[in-house]
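In what follows, a single structure is set out as structure tokens and then discussed.
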Amino acid sequence: MNDRTRVLVAVGTTVLLFLGVQLGALALVEPFNESGRQAVEDPQNPTNSVLYFGVMLVATGLMLAAFKYDLEWLIRLLIVGVSVMISWYVFAELVPALLVPPLAAGVADALAIVVALAVGAALLLYPEWYVIDTTGVVMGAGAAALFGISFGLLPALLLLAVLAVYDAISVYGTEHMLDLAEGVMDLKIPVVLVVPMTLSYSYLADGSTDDVLEDDRETDASAADGGTDPDTDDSAADDAGALERDALFIGLGDAVIPSVLVASAAYFLEARAIAVPLIALNLPALGALVGTIAGLLVLMYMVLKGRPHAGLPLLNGGAIGGYLLGALASGLSVATALGF
């Protein structure tokens, strides 16, 4: 497989993983609403975003402390447990819908629990890249749908804006997100999406953190791996390092966070629906989806050219820009689009 084909396959695979999260979230919006999965009483309250951000900061601090004191096993068990819980939420809706003829409610619920436990067992016993990616898409779709119906338009927009700024600061400034990424990679848990660039790649046998998309130390590592002379052209060294990777890694949160706006727009906005089987979709939600993918393509271009970048500024920026364009194209006012 030549370099051009490897790049195209890697980019295409990443786009498909993001679409899996986004379309899955749109498919789960109505079932989650009907099942009463909304996490807050008032989804229009902007303080919901502040509360979530605070919880995320505390969780980040606890994880960094766990790595410092060699408690990685605790994080692994916690993430696997969360994976089982969200998978159960998802399969509790999907199993009854997919079974023909339908089973009794109790049997369908039991089957959903069994499938969710199987996900947890696979993560513990054989966390190969395709297990991680499959679980990540299921988790990501479920989480995006849950947050989408729990965050109204204004809270969702605030959440994306704040997290984009935080991601930039934590990658380029404090760099604590890099330390967190290095810690979780070796745990083989679905907090990243793994995109192989070689047919022989095995995540079980690897686990290197050199190629995480947000790692701003990547350029130096790539140049060193390429064995280039320091006086040679930097861009050529960066390109060589990017193409020599066995896999790319992107945080699952980079797929989930912009998808929250996609789901929120589909759920809360009274805009003309777009008829697509099995999913809730309108023009603003479609705009947010397309904008996210546009931001992803720019991010992938920068990474593959040896230009490391925090993910959420581009991804969330694309989602917000696409959403606003879709809302205006639907005839909605700016105030309505912003959730006022």
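Naming scheme: A, B, ... for chains in displayed order of the structure tokens; residues 1 onward per chain; ligands 1 onward as shown.
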Between stretch 92-208 of chain A and stretch 5-25 of chain A, at 9 Å or less, what are the per-residue closest atom pairs and their distances in Å? Count only C-alpha atoms, order by chain and rising residue number, and return it as a Markdown table.
```
| residue | atom | partner | partner_atom | distance |
| --- | --- | --- | --- | --- |
| A:Asp133 | CA | A:Leu17 | CA | 7.7 |
| A:Thr134 | CA | A:Leu17 | CA | 8.8 |
| A:Gly136 | CA | A:Val21 | CA | 8.3 |
| A:Val137 | CA | A:Val21 | CA | 5.2 |
| A:Val138 | CA | A:Val21 | CA | 7.1 |
| A:Met139 | CA | A:Val21 | CA | 8.2 |
| A:Gly140 | CA | A:Val21 | CA | 5.4 |
| A:Ala141 | CA | A:Ala25 | CA | 4.3 |
| A:Gly142 | CA | A:Ala25 | CA | 6.1 |
| A:Ala143 | CA | A:Ala25 | CA | 7.8 |
| A:Ala144 | CA | A:Ala25 | CA | 5.7 |
| A:Ala145 | CA | A:Ala25 | CA | 4.6 |
| A:Leu146 | CA | A:Ala25 | CA | 8.3 |
| A:Gly148 | CA | A:Ala25 | CA | 8.2 |
| A:Leu193 | CA | A:Leu17 | CA | 7.9 |
| A:Val194 | CA | A:Thr14 | CA | 8.6 |
| A:Val195 | CA | A:Ala10 | CA | 6.1 |
| A:Pro196 | CA | A:Ala10 | CA | 6.9 |
| A:Met197 | CA | A:Arg6 | CA | 5.9 |
| A:Thr198 | CA | A:Arg6 | CA | 7.5 |
```
File dump, residues just selected, N, CA, C and O atoms, as a CSV table (one decimal), in the first residue's frame:
```
chain,number,residue,atom,x,y,z
A,133,ASP,N,-12.4,0.7,19.0
A,133,ASP,CA,-13.1,1.6,18.1
A,133,ASP,C,-14.6,1.3,18.1
A,133,ASP,O,-15.4,2.2,18.2
A,134,THR,N,-15.0,0.0,18.1
A,134,THR,CA,-16.4,-0.3,18.1
A,134,THR,C,-17.0,0.1,19.4
A,134,THR,O,-18.1,0.7,19.4
A,136,GLY,N,-15.9,2.5,21.3
A,136,GLY,CA,-15.8,3.9,21.3
A,136,GLY,C,-17.0,4.6,20.6
A,136,GLY,O,-17.6,5.6,21.0
A,137,VAL,N,-17.4,4.0,19.4
A,137,VAL,CA,-18.5,4.5,18.7
A,137,VAL,C,-19.8,4.3,19.4
A,137,VAL,O,-20.6,5.2,19.5
A,138,VAL,N,-20.0,3.2,20.0
A,138,VAL,CA,-21.2,2.9,20.8
A,138,VAL,C,-21.3,3.9,22.0
A,138,VAL,O,-22.3,4.5,22.3
A,139,MET,N,-20.1,4.0,22.8
A,139,MET,CA,-20.1,4.9,23.9
A,139,MET,C,-20.3,6.3,23.4
A,139,MET,O,-21.0,7.1,24.1
A,140,GLY,N,-19.6,6.7,22.4
A,140,GLY,CA,-19.6,8.1,21.9
A,140,GLY,C,-21.0,8.5,21.5
A,140,GLY,O,-21.5,9.6,21.8
A,141,ALA,N,-21.7,7.6,20.7
A,141,ALA,CA,-23.1,7.9,20.3
A,141,ALA,C,-24.0,8.0,21.5
A,141,ALA,O,-24.8,8.9,21.6
A,142,GLY,N,-23.9,7.1,22.4
A,142,GLY,CA,-24.7,7.1,23.6
A,142,GLY,C,-24.5,8.4,24.4
A,142,GLY,O,-25.4,9.1,24.9
A,143,ALA,N,-23.2,8.7,24.7
A,143,ALA,CA,-22.9,9.9,25.5
A,143,ALA,C,-23.4,11.2,24.8
A,143,ALA,O,-23.9,12.1,25.4
A,144,ALA,N,-23.1,11.3,23.5
A,144,ALA,CA,-23.5,12.5,22.7
A,144,ALA,C,-25.1,12.6,22.7
A,144,ALA,O,-25.6,13.8,22.9
A,145,ALA,N,-25.8,11.5,22.6
A,145,ALA,CA,-27.2,11.6,22.7
A,145,ALA,C,-27.7,12.0,24.1
A,145,ALA,O,-28.6,12.9,24.2
A,146,LEU,N,-27.1,11.4,25.1
A,146,LEU,CA,-27.5,11.8,26.5
A,146,LEU,C,-27.3,13.3,26.8
A,146,LEU,O,-28.1,13.9,27.3
A,148,GLY,N,-26.9,15.6,24.5
A,148,GLY,CA,-27.6,16.3,23.5
A,148,GLY,C,-29.0,16.7,24.0
A,148,GLY,O,-29.5,17.8,23.8
A,193,LEU,N,-9.8,6.8,19.8
A,193,LEU,CA,-10.2,6.1,18.6
A,193,LEU,C,-8.8,5.8,17.9
A,193,LEU,O,-8.0,6.7,17.7
A,194,VAL,N,-8.6,4.5,17.5
A,194,VAL,CA,-7.4,4.1,16.9
A,194,VAL,C,-7.6,3.8,15.4
A,194,VAL,O,-8.4,3.1,15.0
A,195,VAL,N,-6.7,4.5,14.6
A,195,VAL,CA,-6.8,4.4,13.2
A,195,VAL,C,-5.5,3.8,12.7
A,195,VAL,O,-4.5,4.5,12.5
A,196,PRO,N,-5.5,2.5,12.3
A,196,PRO,CA,-4.3,1.9,11.8
A,196,PRO,C,-3.9,2.4,10.5
A,196,PRO,O,-4.7,2.7,9.6
A,197,MET,N,-2.6,2.5,10.3
A,197,MET,CA,-2.1,3.0,9.0
A,197,MET,C,-1.3,1.9,8.3
A,197,MET,O,-0.8,2.0,7.2
A,198,THR,N,-1.2,0.7,8.9
A,198,THR,CA,-0.6,-0.5,8.3
A,198,THR,C,-1.5,-1.7,8.5
A,198,THR,O,-2.2,-1.8,9.6
```
Taking the backbone alone, and naming residues the way the document does, which bits of stretch 40-141 of chain A are helix (DSSP H, G or I) by DSSP, as an MDAnalysis selection string?
chainID A and resid 47:68 72:98 105:125 129:141
Suppose we keep C-alpha atoms; can you now write the selection as a compact mmCIF listing (two decimals), in the first residue's frame?
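Generated file (out_6.txt):
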```
# COMPACT_ATOMS: atom_id res chain seq x y z
CA THR A 47 -25.17 26.65 34.47
CA ASN A 48 -25.43 23.03 33.32
CA SER A 49 -22.40 23.71 31.13
CA VAL A 50 -20.49 25.22 34.05
CA LEU A 51 -21.34 22.22 36.21
CA TYR A 52 -20.20 19.75 33.54
CA PHE A 53 -16.97 21.66 33.01
CA GLY A 54 -16.31 21.61 36.75
CA VAL A 55 -16.92 17.86 36.92
CA MET A 56 -14.57 17.36 33.99
CA LEU A 57 -11.81 19.36 35.70
CA VAL A 58 -12.20 17.33 38.88
CA ALA A 59 -12.15 14.06 36.91
CA THR A 60 -9.02 15.16 35.05
CA GLY A 61 -7.30 16.01 38.32
CA LEU A 62 -8.25 12.67 39.86
CA MET A 63 -6.95 10.77 36.84
CA LEU A 64 -3.64 12.61 36.88
CA ALA A 65 -3.33 11.87 40.60
CA ALA A 66 -4.12 8.21 39.96
CA PHE A 67 -1.28 8.00 37.43
CA LYS A 68 1.08 9.69 39.87
CA GLU A 72 -3.93 3.03 36.76
CA TRP A 73 -5.91 -0.17 37.38
CA LEU A 74 -8.58 1.89 39.11
CA ILE A 75 -8.98 4.16 36.09
CA ARG A 76 -9.18 1.15 33.79
CA LEU A 77 -11.92 -0.48 35.85
CA LEU A 78 -13.80 2.81 36.08
CA ILE A 79 -13.72 3.45 32.31
CA VAL A 80 -14.69 -0.15 31.54
CA GLY A 81 -17.56 0.18 34.01
CA VAL A 82 -18.75 3.39 32.35
CA SER A 83 -18.46 1.64 28.97
CA VAL A 84 -20.73 -1.16 30.18
CA MET A 85 -23.27 1.32 31.58
CA ILE A 86 -23.51 3.46 28.44
CA SER A 87 -23.51 0.35 26.24
CA TRP A 88 -26.45 -0.94 28.24
CA TYR A 89 -28.31 2.35 27.69
CA VAL A 90 -27.69 2.02 23.95
CA PHE A 91 -28.47 -1.69 23.60
CA ALA A 92 -31.59 -1.35 25.76
CA GLU A 93 -32.96 0.79 22.92
CA LEU A 94 -31.43 -1.06 19.97
CA VAL A 95 -32.06 -4.69 20.92
CA PRO A 96 -35.88 -4.45 21.02
CA ALA A 97 -35.87 -2.38 17.81
CA LEU A 98 -33.68 -4.82 15.88
CA ALA A 105 -39.65 -6.78 27.31
CA GLY A 106 -37.92 -8.68 30.11
CA VAL A 107 -36.08 -10.96 27.70
CA ALA A 108 -34.98 -8.04 25.51
CA ASP A 109 -33.70 -6.17 28.58
CA ALA A 110 -31.78 -9.23 29.73
CA LEU A 111 -30.25 -9.63 26.28
CA ALA A 112 -29.19 -5.96 26.31
CA ILE A 113 -27.48 -6.49 29.67
CA VAL A 114 -25.68 -9.58 28.35
CA VAL A 115 -24.42 -7.67 25.29
CA ALA A 116 -23.25 -4.75 27.46
CA LEU A 117 -21.39 -7.14 29.78
CA ALA A 118 -19.81 -8.76 26.72
CA VAL A 119 -18.49 -5.33 25.73
CA GLY A 120 -16.89 -4.99 29.15
CA ALA A 121 -15.39 -8.48 28.94
CA ALA A 122 -13.93 -7.76 25.50
CA LEU A 123 -12.32 -4.57 26.79
CA LEU A 124 -10.76 -6.41 29.73
CA LEU A 125 -9.67 -9.55 27.90
CA TRP A 129 -7.97 -1.65 18.12
CA TYR A 130 -11.22 -2.79 16.51
CA VAL A 131 -12.68 -3.62 19.93
CA ILE A 132 -11.65 -0.18 21.19
CA ASP A 133 -13.09 1.57 18.12
CA THR A 134 -16.38 -0.34 18.14
CA THR A 135 -16.87 0.33 21.83
CA GLY A 136 -15.83 3.94 21.32
CA VAL A 137 -18.48 4.50 18.66
CA VAL A 138 -21.19 2.91 20.83
CA MET A 139 -20.09 4.90 23.89
CA GLY A 140 -19.64 8.10 21.90
CA ALA A 141 -23.08 7.87 20.29
```
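The coordinates place atom CA of A:Gly322 at 7.9 Å from atom CA of A:Leu286.
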From stretch 28-232 of chain A, collect each residue whose DSSP state is strand (DSSP E or B) and return the set as JSON, numbers by chain.
{"A": [192, 193, 194, 195, 196, 212]}
Got a sec: who's within 12 Å of A:Ala164, counting only C-alpha atoms, leaving out chain neighbours fewer than 6 positions off, as number ranges by chain?
A: 53, 157-158, 170-171, 253-254, 257-258, 309-320
Leaving out A:Arg272 and any residue of its chain fewer than 3 positions from it, which residues lie within 12 Å of it when counting only C-alpha atoms, given as number ranges by chain?
A: 265-269, 275, 280-286, 326-327, 329-332
